[in-house]
$ cat model11.cif   # mmCIF, C-alpha atoms
data_target
#
loop_
_atom_site.label_atom_id
_atom_site.label_comp_id
_atom_site.auth_asym_id
_atom_site.auth_seq_id
_atom_site.Cartn_x
_atom_site.Cartn_y
_atom_site.Cartn_z
CA MET Z 27 33.75 71.00 -113.07
CA LEU Z 28 30.92 69.15 -114.74
CA LYS Z 29 31.74 65.98 -112.83
CA MET Z 30 31.74 67.84 -109.52
CA LYS Z 31 28.28 69.21 -110.17
CA LYS Z 32 27.01 65.76 -111.03
CA ARG Z 33 28.30 64.35 -107.78
CA LEU Z 34 26.88 67.21 -105.73
CA SER Z 35 23.41 66.56 -107.18
CA HIS Z 36 23.29 63.22 -105.26
CA ILE Z 37 24.26 64.68 -101.89
CA VAL Z 38 21.30 64.88 -99.47
CA THR Z 39 21.52 67.07 -96.41
CA PRO Z 40 20.80 65.65 -92.87
CA GLN Z 41 17.66 67.78 -92.76
CA HIS Z 42 16.38 66.10 -95.90
CA LEU Z 43 17.16 62.65 -94.47
CA LEU Z 44 15.27 63.36 -91.24
CA ALA Z 45 12.24 64.65 -93.12
CA ALA Z 46 12.18 61.63 -95.40
CA PHE Z 47 12.47 59.22 -92.42
CA LEU Z 48 9.63 60.94 -90.56
CA SER Z 49 7.41 60.77 -93.64
CA LEU Z 50 8.06 57.07 -94.10
CA PHE Z 51 7.44 56.37 -90.38
CA LEU Z 52 4.13 58.24 -90.37
CA LEU Z 53 3.02 56.50 -93.56
CA SER Z 54 3.93 53.09 -92.11
CA ALA Z 55 2.14 53.80 -88.82
CA ALA Z 56 -1.01 54.91 -90.61
CA SER Z 57 -0.98 51.83 -92.79
CA SER Z 58 -0.41 49.55 -89.77
CA CYS Z 59 -3.25 51.14 -87.83
CA SER Z 60 -5.60 50.74 -90.76
CA GLU Z 61 -4.70 47.07 -91.09
CA ASP Z 62 -5.15 46.45 -87.35
CA GLU Z 63 -8.57 48.07 -87.36
CA HIS Z 64 -9.65 45.98 -90.36
CA SER Z 65 -8.20 42.83 -88.79
CA GLU Z 66 -9.97 43.30 -85.46
CA ALA Z 67 -13.25 43.96 -87.23
CA GLY Z 68 -12.94 40.57 -88.96
CA LYS Z 69 -12.20 38.47 -85.90
CA ALA Z 70 -14.37 37.17 -83.10
CA THR Z 71 -14.30 35.05 -79.97
CA VAL Z 72 -16.87 32.33 -79.41
CA LYS Z 73 -17.40 30.19 -76.31
CA MET Z 74 -19.05 26.82 -77.00
CA THR Z 75 -20.41 24.55 -74.26
CA PHE Z 76 -20.91 20.91 -75.24
CA THR Z 77 -23.21 18.94 -72.94
CA THR Z 78 -23.93 15.22 -72.62
CA ARG Z 79 -27.47 13.93 -72.37
CA ALA Z 80 -28.25 12.82 -68.84
CA SER Z 81 -30.49 9.82 -68.25
CA ALA Z 82 -33.07 9.05 -65.59
CA GLN Z 83 -34.29 6.06 -63.67
CA ALA Z 84 -37.94 5.07 -63.30
CA ASP Z 85 -38.21 7.10 -60.11
CA GLY Z 86 -37.10 10.25 -61.92
CA SER Z 87 -33.63 10.49 -60.38
CA SER Z 88 -30.93 11.60 -62.81
CA THR Z 89 -27.90 9.37 -63.15
CA LEU Z 90 -25.25 8.46 -65.68
CA GLU Z 91 -23.52 5.13 -65.78
CA GLU Z 92 -19.75 5.27 -66.08
CA ARG Z 93 -19.74 4.21 -69.72
CA GLU Z 94 -22.31 6.90 -70.57
CA ARG Z 95 -20.07 9.72 -69.38
CA MET Z 96 -17.96 12.01 -71.55
CA LYS Z 97 -14.43 10.60 -71.29
CA THR Z 98 -13.02 12.39 -74.34
CA LEU Z 99 -14.29 15.15 -76.59
CA ARG Z 100 -13.31 16.19 -80.11
CA VAL Z 101 -14.67 19.32 -81.76
CA ILE Z 102 -14.03 20.13 -85.41
CA MET Z 103 -14.90 23.65 -86.50
CA GLU Z 104 -15.55 24.13 -90.23
CA ASN Z 105 -16.23 27.30 -92.19
CA ALA Z 106 -19.60 26.44 -93.74
CA ASN Z 107 -19.00 28.75 -96.71
CA THR Z 108 -15.56 27.47 -97.72
CA GLY Z 109 -15.59 23.93 -96.28
CA LYS Z 110 -12.20 24.53 -94.66
CA ILE Z 111 -11.48 23.25 -91.14
CA LEU Z 112 -10.40 26.06 -88.84
CA TYR Z 113 -9.95 24.10 -85.60
CA ASN Z 114 -9.72 20.43 -84.69
CA VAL Z 115 -9.30 20.13 -80.92
CA PHE Z 116 -9.28 17.05 -78.70
CA TYR Z 117 -9.61 16.67 -74.92
CA ASP Z 118 -9.10 13.47 -72.97
CA ASN Z 119 -9.18 12.39 -69.33
CA LEU Z 120 -12.35 14.41 -68.78
CA GLY Z 121 -13.40 12.09 -65.97
CA SER Z 122 -17.04 12.36 -65.00
CA VAL Z 123 -17.93 15.75 -66.47
CA THR Z 124 -21.27 16.23 -68.18
CA SER Z 125 -20.21 19.34 -70.11
CA LYS Z 126 -17.09 20.92 -71.59
CA THR Z 127 -16.64 24.58 -72.50
CA ILE Z 128 -14.20 25.55 -75.26
CA THR Z 129 -13.27 29.11 -76.25
CA PHE Z 130 -12.27 29.69 -79.88
CA GLN Z 131 -10.35 32.94 -80.32
CA ASP Z 132 -9.41 35.01 -83.39
CA VAL Z 133 -12.10 33.40 -85.50
CA PRO Z 134 -12.04 35.12 -88.94
CA VAL Z 135 -15.53 36.29 -89.84
CA GLU Z 136 -17.01 38.30 -92.67
CA GLU Z 137 -19.18 41.38 -92.45
CA GLY Z 138 -22.68 40.27 -91.58
CA GLY Z 139 -21.46 37.09 -89.90
CA THR Z 140 -20.03 33.75 -91.03
CA PRO Z 141 -21.69 30.36 -90.49
CA PHE Z 142 -19.51 27.64 -88.93
CA ASN Z 143 -20.29 23.95 -88.58
CA PHE Z 144 -19.29 22.28 -85.32
CA TYR Z 145 -18.83 18.50 -85.34
CA ALA Z 146 -18.68 17.35 -81.71
CA ILE Z 147 -17.89 13.74 -80.76
CA ALA Z 148 -17.46 12.20 -77.32
CA ASN Z 149 -15.72 8.86 -76.72
CA GLU Z 150 -14.45 8.43 -80.29
CA ALA Z 151 -12.13 5.54 -79.40
CA SER Z 152 -15.14 3.25 -79.09
CA PHE Z 153 -15.83 3.26 -82.83
CA LEU Z 154 -12.51 4.13 -84.47
CA THR Z 155 -10.94 1.18 -86.28
CA GLN Z 156 -7.33 0.20 -85.69
CA GLY Z 157 -5.01 2.93 -86.93
CA GLU Z 158 -7.85 5.31 -87.79
CA SER Z 159 -7.52 8.91 -86.67
CA LEU Z 160 -9.64 12.05 -86.72
CA GLU Z 161 -6.66 14.35 -86.20
CA GLY Z 162 -5.70 17.18 -88.54
CA LYS Z 163 -7.52 19.41 -90.99
CA ASN Z 164 -8.10 16.92 -93.80
CA VAL Z 165 -10.90 14.96 -92.14
CA ASN Z 166 -13.67 13.78 -94.47
CA LEU Z 167 -16.47 15.58 -92.65
CA ASP Z 168 -19.24 14.37 -94.95
CA GLY Z 169 -18.16 10.78 -94.37
CA LEU Z 170 -17.90 11.42 -90.64
CA TYR Z 171 -21.40 12.89 -90.46
CA HIS Z 172 -22.95 9.93 -92.30
CA ARG Z 173 -20.87 7.31 -90.51
CA ASP Z 174 -22.53 4.02 -89.57
CA ILE Z 175 -21.65 2.16 -86.39
CA THR Z 176 -22.48 -1.49 -85.71
CA ILE Z 177 -21.19 -1.95 -82.16
CA ASP Z 178 -23.27 -4.14 -79.86
CA PHE Z 179 -22.94 -2.13 -76.66
CA ASN Z 180 -24.59 -4.95 -74.72
CA ALA Z 181 -21.73 -7.33 -75.52
CA ASN Z 182 -18.88 -5.15 -74.23
CA THR Z 183 -18.02 -2.38 -71.80
CA LEU Z 184 -17.03 0.28 -74.34
CA SER Z 185 -17.89 3.87 -73.55
CA ILE Z 186 -20.91 4.93 -75.55
CA PRO Z 187 -20.13 7.68 -78.06
CA GLN Z 188 -22.19 10.81 -78.39
CA ALA Z 189 -22.23 13.19 -81.33
CA LYS Z 190 -23.90 16.26 -82.76
CA LYS Z 191 -23.47 18.48 -85.81
CA ASN Z 192 -24.52 22.05 -85.24
CA GLN Z 193 -24.21 25.30 -87.17
CA LYS Z 194 -23.71 28.69 -85.56
CA THR Z 195 -23.34 32.08 -87.23
CA ILE Z 196 -20.52 34.06 -85.64
CA GLU Z 197 -20.70 37.84 -85.87
CA PRO Z 198 -17.74 40.22 -86.35
CA LYS Z 199 -18.07 41.97 -83.02
CA SER Z 200 -16.15 42.44 -79.82
CA GLY Z 201 -16.84 40.45 -76.68
CA ILE Z 202 -17.49 36.74 -76.30
CA GLN Z 203 -20.33 35.08 -78.19
CA THR Z 204 -21.73 32.03 -76.37
CA HIS Z 205 -23.52 28.98 -77.75
CA ASN Z 206 -24.61 25.61 -76.36
CA VAL Z 207 -24.66 22.24 -78.12
CA GLN Z 208 -26.17 19.07 -76.64
CA LEU Z 209 -24.65 15.82 -77.82
CA GLU Z 210 -26.80 12.75 -78.44
CA PHE Z 211 -26.33 9.02 -77.94
CA PRO Z 212 -26.67 6.85 -81.07
CA VAL Z 213 -28.75 4.36 -79.06
CA ALA Z 214 -31.79 4.24 -76.83
CA LYS Z 215 -31.76 2.66 -73.37
CA VAL Z 216 -34.33 0.15 -72.14
CA GLY Z 217 -34.77 -1.08 -68.57
CA VAL Z 218 -37.40 -3.31 -66.96
CA GLY Z 219 -38.26 -3.31 -63.26
CA PHE Z 220 -40.55 -5.77 -61.50
CA THR Z 221 -42.66 -5.09 -58.43
CA ASN Z 222 -43.99 -8.17 -56.61
CA GLU Z 223 -47.17 -7.74 -54.58
CA ILE Z 224 -47.44 -11.47 -53.93
CA GLU Z 225 -46.21 -12.77 -50.56
CA ALA Z 226 -44.00 -15.36 -52.19
CA GLU Z 227 -40.89 -15.12 -54.34
CA GLN Z 228 -41.70 -15.14 -58.03
CA THR Z 229 -39.62 -16.36 -60.97
CA VAL Z 230 -39.89 -14.59 -64.33
CA ALA Z 231 -38.03 -16.09 -67.29
CA ASP Z 232 -37.20 -15.23 -70.90
CA ILE Z 233 -37.88 -11.51 -70.66
CA LYS Z 234 -37.70 -10.22 -74.24
CA MET Z 235 -38.80 -7.50 -76.64
CA PRO Z 236 -39.33 -9.30 -79.97
CA GLY Z 237 -38.44 -7.54 -83.20
CA LEU Z 238 -36.56 -4.74 -81.49
CA LYS Z 239 -32.91 -5.71 -81.93
CA VAL Z 240 -31.22 -3.61 -84.64
CA THR Z 241 -27.59 -4.25 -85.52
CA GLY Z 242 -26.46 -0.70 -86.26
CA GLY Z 243 -27.23 2.96 -86.68
CA LYS Z 244 -25.75 6.38 -87.40
CA LEU Z 245 -23.10 8.00 -85.22
CA PHE Z 246 -24.59 11.46 -85.76
CA PRO Z 247 -28.31 12.23 -85.67
CA GLN Z 248 -29.24 12.85 -89.30
CA ASP Z 249 -31.12 16.03 -88.51
CA PHE Z 250 -28.96 18.63 -90.18
CA ALA Z 251 -30.36 20.54 -93.15
CA GLU Z 252 -28.15 22.16 -95.81
CA ASP Z 253 -29.09 25.66 -94.66
CA GLY Z 254 -27.92 24.93 -91.14
CA ALA Z 255 -31.41 24.54 -89.70
CA GLU Z 256 -32.32 21.42 -87.80
CA ALA Z 257 -34.66 18.94 -89.46
CA PRO Z 258 -36.46 15.86 -88.09
CA ASP Z 259 -34.38 12.69 -88.08
CA ASP Z 260 -36.60 10.28 -90.00
CA GLN Z 261 -33.91 7.81 -90.96
CA ILE Z 262 -35.01 5.11 -88.52
CA PRO Z 263 -34.93 1.56 -89.89
CA GLU Z 264 -37.73 -0.92 -89.60
CA ALA Z 265 -37.04 -3.53 -86.93
CA GLY Z 266 -39.60 -6.21 -87.77
CA ALA Z 267 -37.16 -9.02 -88.60
CA ALA Z 268 -34.21 -7.83 -86.61
CA GLY Z 269 -34.32 -10.38 -83.81
CA GLU Z 270 -35.10 -10.23 -80.11
CA LEU Z 271 -33.77 -8.05 -77.35
CA ALA Z 272 -33.27 -10.41 -74.41
CA PHE Z 273 -32.74 -9.23 -70.84
CA THR Z 274 -30.66 -10.80 -68.10
CA PRO Z 275 -30.54 -12.36 -65.59
CA ASN Z 276 -32.59 -15.25 -66.89
CA PRO Z 277 -34.53 -16.38 -64.96
CA LEU Z 278 -35.13 -13.37 -62.74
CA SER Z 279 -36.07 -13.88 -59.07
CA VAL Z 280 -38.38 -11.23 -57.66
CA PRO Z 281 -38.44 -11.08 -53.82
CA PRO Z 282 -41.81 -11.53 -52.07
CA GLY Z 283 -43.96 -8.65 -51.02
CA THR Z 284 -45.12 -7.97 -47.47
CA PHE Z 285 -48.80 -7.83 -46.56
CA GLY Z 286 -49.61 -4.19 -45.87
CA GLY Z 287 -45.98 -3.24 -46.48
CA GLU Z 288 -43.43 -2.74 -49.21
CA PRO Z 289 -43.58 -4.96 -52.29
CA GLY Z 290 -40.58 -6.95 -53.42
CA LYS Z 291 -38.57 -5.40 -56.25
CA ALA Z 292 -36.11 -6.62 -58.86
CA ALA Z 293 -34.75 -5.26 -62.13
CA VAL Z 294 -33.10 -6.66 -65.21
CA THR Z 295 -29.93 -5.32 -66.82
CA SER Z 296 -30.52 -2.16 -68.85
CA LEU Z 297 -29.90 -2.74 -72.53
CA TYR Z 298 -28.98 -0.42 -75.39
CA VAL Z 299 -30.81 -0.59 -78.70
CA TYR Z 300 -30.36 1.29 -81.95
CA PRO Z 301 -33.29 3.38 -83.24
CA ALA Z 302 -36.02 1.18 -84.68
CA LYS Z 303 -39.54 1.46 -86.05
CA SER Z 304 -42.08 -1.29 -85.60
CA ASN Z 305 -45.80 -1.86 -85.97
CA SER Z 306 -45.82 -3.53 -82.58
CA TYR Z 307 -43.78 -2.99 -79.44
CA LYS Z 308 -44.25 -5.86 -77.03
CA LEU Z 309 -42.61 -7.35 -73.98
CA THR Z 310 -42.92 -11.08 -73.44
CA ALA Z 311 -42.03 -13.21 -70.42
CA HIS Z 312 -42.75 -16.64 -68.97
CA TRP Z 313 -44.70 -16.40 -65.67
CA PRO Z 314 -46.00 -17.80 -63.38
CA ASP Z 315 -44.60 -21.04 -64.82
CA ALA Z 316 -42.14 -21.80 -67.57
CA ALA Z 317 -44.85 -23.02 -69.93
CA LYS Z 318 -46.98 -19.88 -69.92
CA GLU Z 319 -45.86 -16.88 -71.99
CA GLN Z 320 -47.28 -13.50 -71.06
CA THR Z 321 -47.38 -10.59 -73.52
CA VAL Z 322 -47.97 -6.88 -73.04
CA ASP Z 323 -48.38 -4.12 -75.63
CA LEU Z 324 -45.94 -1.35 -74.80
CA ASN Z 325 -47.48 1.16 -77.15
CA GLN Z 326 -51.02 1.34 -75.80
CA SER Z 327 -50.35 4.93 -74.82
CA GLY Z 328 -49.18 5.80 -78.35
CA ARG Z 329 -45.88 7.14 -77.06
CA LEU Z 330 -43.86 4.82 -79.29
CA THR Z 331 -45.75 5.62 -82.49
CA SER Z 332 -42.74 7.40 -84.00
CA GLY Z 333 -40.41 4.57 -83.05
CA ILE Z 334 -37.59 3.96 -80.61
CA ARG Z 335 -35.35 6.96 -81.13
CA ARG Z 336 -31.77 7.82 -80.22
CA GLY Z 337 -31.32 9.20 -76.73
CA MET Z 338 -34.71 7.86 -75.62
CA GLN Z 339 -34.97 5.96 -72.35
CA LEU Z 340 -37.74 3.45 -71.71
CA ASN Z 341 -38.37 2.54 -68.09
CA ILE Z 342 -40.84 -0.36 -68.07
CA GLY Z 343 -42.42 -1.22 -64.73
CA ILE Z 344 -44.13 -4.62 -64.32
CA ILE Z 345 -46.46 -5.34 -61.38
CA LEU Z 346 -46.88 -8.99 -60.36
CA LYS Z 347 -50.28 -9.68 -58.81
CA TYR Z 348 -52.12 -12.91 -58.05
CA GLY Z 349 -52.95 -14.45 -61.42
CA VAL Z 350 -52.07 -11.40 -63.52
CA MET Z 351 -49.03 -9.44 -64.62
CA GLN Z 352 -49.59 -5.76 -65.22
CA LEU Z 353 -47.55 -3.04 -66.88
CA GLY Z 354 -47.19 -0.61 -64.04
CA ASP Z 355 -44.93 2.19 -65.24
CA LEU Z 356 -43.82 2.85 -68.80
CA THR Z 357 -41.70 5.96 -69.04
CA VAL Z 358 -40.77 7.21 -72.49
CA THR Z 359 -38.64 10.23 -71.85
CA VAL Z 360 -36.51 12.53 -73.97
CA ASP Z 361 -34.62 15.79 -73.36
CA ASN Z 362 -35.24 16.52 -69.68
CA TRP Z 363 -36.06 12.87 -68.96
CA THR Z 364 -39.23 13.70 -67.04
CA ASN Z 365 -41.52 10.90 -66.02
CA ALA Z 366 -44.57 10.18 -68.15
CA ASP Z 367 -47.98 9.15 -66.91
CA VAL Z 368 -48.34 5.63 -65.57
CA ILE Z 369 -50.33 3.16 -67.66
CA THR Z 370 -51.47 -0.21 -66.36
CA PRO Z 371 -52.72 -2.59 -69.04
CA GLU Z 372 -52.79 -6.27 -68.21
CA PHE Z 373 -50.80 -8.96 -69.96
CA GLN Z 374 -52.87 -10.70 -72.63
#
$ encode --input "model11.cif" --output "structure tokens"
Amino acid sequence: MLKMKKRLSHIVTPQHLLAAFLSLFLLSAASSCSEDEHSEAGKATVKMTFTTRASAQADGSSTLEERERMKTLRVIMENANTGKILYNVFYDNLGSVTSKTITFQDVPVEEGGTPFNFYAIANEASFLTQGESLEGKNVNLDGLYHRDITIDFNANTLSIPQAKKNQKTIEPKSGIQTHNVQLEFPVAKVGVGFTNEIEAEQTVADIKMPGLKVTGGKLFPQDFAEDGAEAPDDQIPEAGAAGELAFTPNPLSVPPGTFGGEPGKAAVTSLYVYPAKSNSYKLTAHWPDAAKEQTVDLNQSGRLTSGIRRGMQLNIGIILKYGVMQLGDLTVTVDNWTNADVITPEFQ
């Protein structure tokens, strides 16, 4: 009889089973709801638009050469607090686009917002060494940010890379947060155009910018402060003994002008130069004969006082007149690439 009672004490009625199941279900549902609410509050969606820097010609028209376009784009997203890489995405075959928009979803963020660093690089194949890869989440981001490149972009047809490090604070809120990042070239671009007002074809030889050739620079602009704020990029090397930047073709034939009509025009090949500081920015050329070297000071306006900087475009216009050669149109343009005022000093 004692054994029977002991067995009966473990028997649970169907009513008890149903009540227990309902209790467990309600407890599980409440717990799940609480977790979902907490999870959603700690996630965000951010839409980032990465834009290339457009360039302009001397007449103000905006163009991009094929090698200056964004062919590929890599964006590495790093939690600035933990140093961990959250995303590393790569896009190729972008064609001739000047911007790319990427949406990052389910970004884990803390209350009050979380800062994220975005490392954006276009055309990475131009500087990666054989077998080197930027794939994965173990990329040395500090080494990438401070990377030097020594490519002579005038000696090949490689696509020119662009890069930018940027920090954005992402808030834990619903909806899509949008941000824009403009990439920057590691080089400046220099072009020289000649206008001939003489009614005879002119020959200009050995067109150079002495002391301007620099053999390398930084992939990323070094303008990122530790607190995420942007700082001036002052890491521009001196270029005094770096050699000459020589333009082609050499010699250059400039068509004759027409009396009372249009002048003859000719231009040299645009060249790329790494950022450089100098006490003197000059352009030299031999004209009107091979024995006579003409020189012009390119910085009479003071617009090159802070140096030749990345992403800068110099459009130098030379006017050929009887007996003199004048600097007709120097355009030092950044950002929107708007034309600067014309200055016309004579060769000395």
$ resolve_selection --input "model11.cif" --expression "the PyMOL selection byres ((chain Z and resi 275-290) around 10)" --output "list in words"
Gly219, Phe220, Thr221, Asn222, Glu223, Ile224, Glu225, Ala226, Glu227, Gln228, Thr229, Val230, Ala231, Asp232, Ile233, Ala272, Phe273, Thr274, Lys291, Ala292, Ala293, Val294, Thr295, Ala311, His312, Ala316, Ile345 and Leu346 of chain Z
$ resolve_selection --input "model11.cif" --expression "the PyMOL selection byres ((chain Z and resi 299) around 9)" --output "MDAnalysis selection string"
chainID Z and resid 178:180 212:216 238:242 271 297:298 300:302 334 336
$ closest_residue --input "model11.cif" --among "Z:Glu197, Z:Asp168, Z:Glu94, Z:Asp118" --to "Z:Val135" --atoms "all atoms listed in the file"
Z:Glu197
$ resolve_selection --input "model11.cif" --expression "the PyMOL selection byres ((chain Z and resi 170) around 10)" --output "list of chain:residue names"
Z:Tyr145, Z:Leu160, Z:Val165, Z:Asn166, Z:Leu167, Z:Asp168, Z:Gly169, Z:Tyr171, Z:His172, Z:Arg173, Z:Asp174, Z:Lys244, Z:Leu245, Z:Phe246
$ atom_distance --input "model11.cif" --atom1 "atom CA of Z:Glu210" --atom2 "atom CA of Z:Gln188"
5.0 Å
$ residues_around --input "model11.cif" --residues "Z:Lys190" --least-positions-apart "3" --cutoff "12 Å" --atoms "all atoms listed in the file" --output "VMD selection string"
chain Z and resid 76 to 79 99 to 102 143 to 148 170 to 172 187 193 206 to 212 244 to 250 256 336 to 337
$ write_last_selection --input "model11.cif" --atoms "C-alpha atoms" --output "mmCIF file, keeping the file's coordinate frame"
data_model
loop_
_atom_site.group_PDB
_atom_site.id
_atom_site.type_symbol
_atom_site.label_atom_id
_atom_site.label_comp_id
_atom_site.auth_asym_id
_atom_site.auth_seq_id
_atom_site.Cartn_x
_atom_site.Cartn_y
_atom_site.Cartn_z
ATOM 1 C CA PHE Z 76 -20.910 20.910 -75.240
ATOM 2 C CA THR Z 77 -23.210 18.940 -72.940
ATOM 3 C CA THR Z 78 -23.930 15.220 -72.620
ATOM 4 C CA ARG Z 79 -27.470 13.930 -72.370
ATOM 5 C CA LEU Z 99 -14.290 15.150 -76.590
ATOM 6 C CA ARG Z 100 -13.310 16.190 -80.110
ATOM 7 C CA VAL Z 101 -14.670 19.320 -81.760
ATOM 8 C CA ILE Z 102 -14.030 20.130 -85.410
ATOM 9 C CA ASN Z 143 -20.290 23.950 -88.580
ATOM 10 C CA PHE Z 144 -19.290 22.280 -85.320
ATOM 11 C CA TYR Z 145 -18.830 18.500 -85.340
ATOM 12 C CA ALA Z 146 -18.680 17.350 -81.710
ATOM 13 C CA ILE Z 147 -17.890 13.740 -80.760
ATOM 14 C CA ALA Z 148 -17.460 12.200 -77.320
ATOM 15 C CA LEU Z 170 -17.900 11.420 -90.640
ATOM 16 C CA TYR Z 171 -21.400 12.890 -90.460
ATOM 17 C CA HIS Z 172 -22.950 9.930 -92.300
ATOM 18 C CA PRO Z 187 -20.130 7.680 -78.060
ATOM 19 C CA GLN Z 193 -24.210 25.300 -87.170
ATOM 20 C CA ASN Z 206 -24.610 25.610 -76.360
ATOM 21 C CA VAL Z 207 -24.660 22.240 -78.120
ATOM 22 C CA GLN Z 208 -26.170 19.070 -76.640
ATOM 23 C CA LEU Z 209 -24.650 15.820 -77.820
ATOM 24 C CA GLU Z 210 -26.800 12.750 -78.440
ATOM 25 C CA PHE Z 211 -26.330 9.020 -77.940
ATOM 26 C CA PRO Z 212 -26.670 6.850 -81.070
ATOM 27 C CA LYS Z 244 -25.750 6.380 -87.400
ATOM 28 C CA LEU Z 245 -23.100 8.000 -85.220
ATOM 29 C CA PHE Z 246 -24.590 11.460 -85.760
ATOM 30 C CA PRO Z 247 -28.310 12.230 -85.670
ATOM 31 C CA GLN Z 248 -29.240 12.850 -89.300
ATOM 32 C CA ASP Z 249 -31.120 16.030 -88.510
ATOM 33 C CA PHE Z 250 -28.960 18.630 -90.180
ATOM 34 C CA GLU Z 256 -32.320 21.420 -87.800
ATOM 35 C CA ARG Z 336 -31.770 7.820 -80.220
ATOM 36 C CA GLY Z 337 -31.320 9.200 -76.730
#
$ residues_near_point --input "model11.cif" --point "(-51.5, -14.5, -65.4)" --cutoff "12 Å" --atoms "all atoms listed in the file" --output "number ranges by chain"
Z: 230, 311-315, 317-322, 345-352, 372-374
$ closest_residue --input "model11.cif" --among "Z:Leu112, Z:Leu309, Z:Ala151, Z:Val218" --to "Z:Ile342" --atoms "only C-alpha atoms"
Z:Val218
$ atom_distance --input "model11.cif" --atom1 "atom CA of Z:Met103" --atom2 "atom CA of Z:Glu91"
29.1 Å
$ atom_distance --input "model11.cif" --atom1 "atom CA of Z:Thr129" --atom2 "atom CA of Z:Thr71"
7.1 Å
$ closest_residue --input "model11.cif" --among "Z:Leu324, Z:Ala70, Z:Met235, Z:Leu340" --to "Z:Asp132" --atoms "only C-alpha atoms"
Z:Ala70
$ decode --input "model11.cif" --residues "stretch 277-298 of chain Z" --atoms "C-alpha atoms" --output "tab-separated table (two decimals), in the first residue's frame"
chain	number	residue	atom	x	y	z
Z	277	PRO	CA	59.00	69.86	-79.07
Z	278	LEU	CA	55.43	71.12	-79.17
Z	279	SER	CA	54.08	72.73	-82.36
Z	280	VAL	CA	51.53	75.47	-81.76
Z	281	PRO	CA	49.39	76.32	-84.84
Z	282	PRO	CA	49.42	79.93	-86.10
Z	283	GLY	CA	46.84	82.46	-85.10
Z	284	THR	CA	44.60	84.35	-87.50
Z	285	PHE	CA	44.63	88.14	-87.70
Z	286	GLY	CA	41.39	89.34	-86.17
Z	287	GLY	CA	40.30	85.75	-85.60
Z	288	GLU	CA	40.88	82.75	-83.40
Z	289	PRO	CA	44.38	82.11	-82.06
Z	290	GLY	CA	46.11	78.80	-82.61
Z	291	LYS	CA	45.98	76.38	-79.68
Z	292	ALA	CA	47.94	73.35	-78.52
Z	293	ALA	CA	48.30	71.48	-75.25
Z	294	VAL	CA	50.81	69.14	-73.69
Z	295	THR	CA	49.99	65.82	-72.03
Z	296	SER	CA	48.55	66.22	-68.54
Z	297	LEU	CA	50.87	64.83	-65.90
Z	298	TYR	CA	50.29	63.52	-62.39
